[in-house]
Amino acid sequence: MSVLKHEHAPGCGACCLKVNDLSVTIGEQSILEGVSFHLHCGEITALIGPNGAGKSTLFRTVLGQLPHGGVIDFQRAGGEKARPLMGYVPQSPNFDRSSPVSVLDFFAAAISDWPVFLPVPRKLRERVAACLSRTHAEGLLHQRMGTLSGGQLQRVLLAMALEPLPHILILDEPLSGVDVEGERQLMDMLDEIRQTYDLSILLSTHDFATLGQYADKVLLLHRRILKAGPPAEVLASPEFKAVFHLDLGGGK
């Protein structure tokens, strides 16, 4: 499919999340130091780095779950500052796969106060189906959560993260546990979502092969931002080669 790349001026004329000189210390250990970057609405930004680089810590900090130094600001188009609404899909969520709970029950309990042990009323069922349709997962409505494949589970969790529609969608290793065909379908869907709803997507991944097609920008993190820019530029950089000991030949 054709992938739309968004161009924004350096001054963040469109809506934008600005992270400046971010630092996080847990106990006596410095996890992040001097991290700065911008996220623009309508763009996909990929966060890459080795295990232990601080990717999950960065996500938790942007979500407001960890104390930090530095500044995190969000502004709407036109420069108005506001508190952003964020959607989040964690890495490999744990739940009891032997549970008989259906996608409908699970979703309804997550977005309402309706008890999971009672039949879901029609209006709530229709709302859940509409939410699932955003990720083309409405056909999973009555399937048991424990029987979902990795790709199907990601679609359900992603639909939950999109209710209500956020300004920023954060995905921690969304391709983990998804087969090759599922990876392509999921990335196609993320590309569709960012264009349809003009939201910013920040995701972490170890799948470098998809970055050139789908990501507008790549951030190479190892406690600090070592390199940031278009996928081909980052993947061909000395910094990438030093961290991953890979030479991707210009990102192809």
# chains A, B, ... in the order shown; residues from 1 in each chain; ligands from 1

$ residues_around --residues "Ala53 (chain A)" --least-positions-apart "5" --cutoff "7 Å" --atoms "only C-alpha atoms" --output "PDB file with all heavy atoms, in the first residue's frame"
ATOM      1  N   LEU A 221      17.799   4.862  21.013  1.00  0.00           N
ATOM      2  CA  LEU A 221      17.951   5.163  22.436  1.00  0.00           C
ATOM      3  C   LEU A 221      18.880   4.168  23.105  1.00  0.00           C
ATOM      4  O   LEU A 221      18.745   2.950  22.920  1.00  0.00           O
ATOM      5  CB  LEU A 221      16.580   5.118  23.127  1.00  0.00           C
ATOM      6  CG  LEU A 221      16.558   5.388  24.634  1.00  0.00           C
ATOM      7  CD1 LEU A 221      16.796   6.859  24.919  1.00  0.00           C
ATOM      8  CD2 LEU A 221      15.219   4.943  25.247  1.00  0.00           C
ATOM      9  N   HIS A 222      19.806   4.673  23.852  1.00  0.00           N
ATOM     10  CA  HIS A 222      20.605   3.865  24.782  1.00  0.00           C
ATOM     11  C   HIS A 222      20.969   4.781  25.954  1.00  0.00           C
ATOM     12  O   HIS A 222      22.031   5.384  25.983  1.00  0.00           O
ATOM     13  CB  HIS A 222      21.864   3.302  24.119  1.00  0.00           C
ATOM     14  CG  HIS A 222      22.485   2.190  24.910  1.00  0.00           C
ATOM     15  ND1 HIS A 222      23.654   1.583  24.584  1.00  0.00           N
ATOM     16  CD2 HIS A 222      22.066   1.555  26.047  1.00  0.00           C
ATOM     17  CE1 HIS A 222      23.952   0.634  25.454  1.00  0.00           C
ATOM     18  NE2 HIS A 222      22.982   0.618  26.357  1.00  0.00           N
ATOM     19  N   ARG A 223      19.997   4.928  26.823  1.00  0.00           N
ATOM     20  CA  ARG A 223      20.019   5.851  27.964  1.00  0.00           C
ATOM     21  C   ARG A 223      19.857   7.305  27.528  1.00  0.00           C
ATOM     22  O   ARG A 223      19.251   8.093  28.217  1.00  0.00           O
ATOM     23  CB  ARG A 223      21.275   5.695  28.815  1.00  0.00           C
ATOM     24  CG  ARG A 223      21.102   6.306  30.207  1.00  0.00           C
ATOM     25  CD  ARG A 223      22.145   5.825  31.181  1.00  0.00           C
ATOM     26  NE  ARG A 223      23.475   6.331  30.863  1.00  0.00           N
ATOM     27  CZ  ARG A 223      24.554   6.091  31.586  1.00  0.00           C
ATOM     28  NH1 ARG A 223      24.462   5.324  32.669  1.00  0.00           N
ATOM     29  NH2 ARG A 223      25.710   6.593  31.256  1.00  0.00           N
TER      30      ARG A 223
END

$ residues_around --residues "region 158-161 of chain A" --least-positions-apart "5" --cutoff "9 Å" --atoms "only C-alpha atoms" --output "list of chain:residue names"
A:Met86, A:Gly87, A:Tyr88, A:Val89, A:Phe107, A:Ala110, A:Ile111, A:Cys131, A:Leu132, A:Ser133, A:Arg134, A:Thr135, A:His136, A:Ala137, A:Leu153, A:Pro166, A:Leu169, A:Ile170, A:Leu171

$ select_by_dssp --residues "region 3-153 of chain A" --states "strand (DSSP E or B)" --output "PyMOL selection string"
chain A and resi 16-26+29-40+44-48+69-75+81+86-89+102+144

$ select_by_dssp --residues "region 116-160 of chain A" --states "alpha helix (DSSP H)" --output "list in words"
Arg122, Lys123, Leu124, Arg125, Glu126, Arg127, Val128, Ala129, Ala130, Cys131, Leu132, Ser133, Gly150, Gly151, Gln152, Leu153, Gln154, Arg155, Val156, Leu157, Leu158, Ala159 and Met160 of chain A

$ closest_residue --among "A:Phe240, A:Phe117, A:Phe37, A:Tyr214" --to "Gln195 (chain A)" --atoms "only C-alpha atoms"
A:Tyr214

$ closest_residue --among "A:Ala228, A:Leu63, A:Cys15, A:Leu22" --to "Arg76 (chain A)" --atoms "only C-alpha atoms"
A:Cys15

$ residues_around --residues "Ala46 (chain A)" --least-positions-apart "2" --cutoff "8 Å" --atoms "only C-alpha atoms" --output "ChimeraX atom specification"
/A:44,48,202-205,211,215,217-219

$ residues_around --residues "Leu140 (chain A)" --least-positions-apart "3" --cutoff "9 Å" --atoms "only C-alpha atoms" --output "PyMOL selection string"
chain A and resi 102-104+132+137+143-144+148+152+156

$ write_last_selection --atoms "N, CA and C atoms" --output "PDB file, in the first residue's frame"
ATOM      1  N   SER A 102     -15.013 -13.578  27.223  1.00  0.00           N
ATOM      2  CA  SER A 102     -14.977 -13.258  25.795  1.00  0.00           C
ATOM      3  C   SER A 102     -14.389 -11.862  25.581  1.00  0.00           C
ATOM      4  N   VAL A 103     -14.083 -11.575  24.323  1.00  0.00           N
ATOM      5  CA  VAL A 103     -13.605 -10.237  23.972  1.00  0.00           C
ATOM      6  C   VAL A 103     -14.651  -9.199  24.368  1.00  0.00           C
ATOM      7  N   LEU A 104     -15.916  -9.496  24.129  1.00  0.00           N
ATOM      8  CA  LEU A 104     -16.990  -8.576  24.506  1.00  0.00           C
ATOM      9  C   LEU A 104     -16.983  -8.308  26.000  1.00  0.00           C
ATOM     10  N   LEU A 132     -14.106  -1.972  18.212  1.00  0.00           N
ATOM     11  CA  LEU A 132     -13.325  -3.021  17.570  1.00  0.00           C
ATOM     12  C   LEU A 132     -13.205  -2.803  16.066  1.00  0.00           C
ATOM     13  N   ALA A 137     -11.469  -5.590  14.002  1.00  0.00           N
ATOM     14  CA  ALA A 137     -11.527  -6.745  14.907  1.00  0.00           C
ATOM     15  C   ALA A 137     -12.938  -7.040  15.384  1.00  0.00           C
ATOM     16  N   GLN A 143     -15.361 -14.106  20.611  1.00  0.00           N
ATOM     17  CA  GLN A 143     -14.291 -15.088  20.782  1.00  0.00           C
ATOM     18  C   GLN A 143     -13.699 -14.994  22.186  1.00  0.00           C
ATOM     19  N   ARG A 144     -13.279 -16.123  22.733  1.00  0.00           N
ATOM     20  CA  ARG A 144     -12.654 -16.121  24.056  1.00  0.00           C
ATOM     21  C   ARG A 144     -11.279 -15.477  23.987  1.00  0.00           C
ATOM     22  N   LEU A 148      -7.222 -16.177  21.374  1.00  0.00           N
ATOM     23  CA  LEU A 148      -6.755 -15.223  20.370  1.00  0.00           C
ATOM     24  C   LEU A 148      -5.300 -15.483  20.000  1.00  0.00           C
ATOM     25  N   GLN A 152      -4.326 -11.162  16.733  1.00  0.00           N
ATOM     26  CA  GLN A 152      -5.702 -10.849  17.138  1.00  0.00           C
ATOM     27  C   GLN A 152      -5.727 -10.134  18.485  1.00  0.00           C
ATOM     28  N   VAL A 156      -7.246  -6.323  19.514  1.00  0.00           N
ATOM     29  CA  VAL A 156      -8.195  -6.035  20.592  1.00  0.00           C
ATOM     30  C   VAL A 156      -7.620  -4.998  21.562  1.00  0.00           C
TER      31      VAL A 156
END

$ closest_residue --among "A:Val101, A:Leu162, A:Leu32, A:Leu220" --to "Leu47 (chain A)" --atoms "only C-alpha atoms"
A:Leu220

$ closest_residue --among "A:Leu248, A:Met189, A:Ile31, A:Leu39" --to "Arg224 (chain A)" --atoms "only C-alpha atoms"
A:Ile31

$ residues_around --residues "Thr57 (chain A)" --least-positions-apart "2" --cutoff "9 Å" --atoms "only C-alpha atoms" --output "number ranges by chain"
A: 24, 31-32, 53-55, 59-62, 66
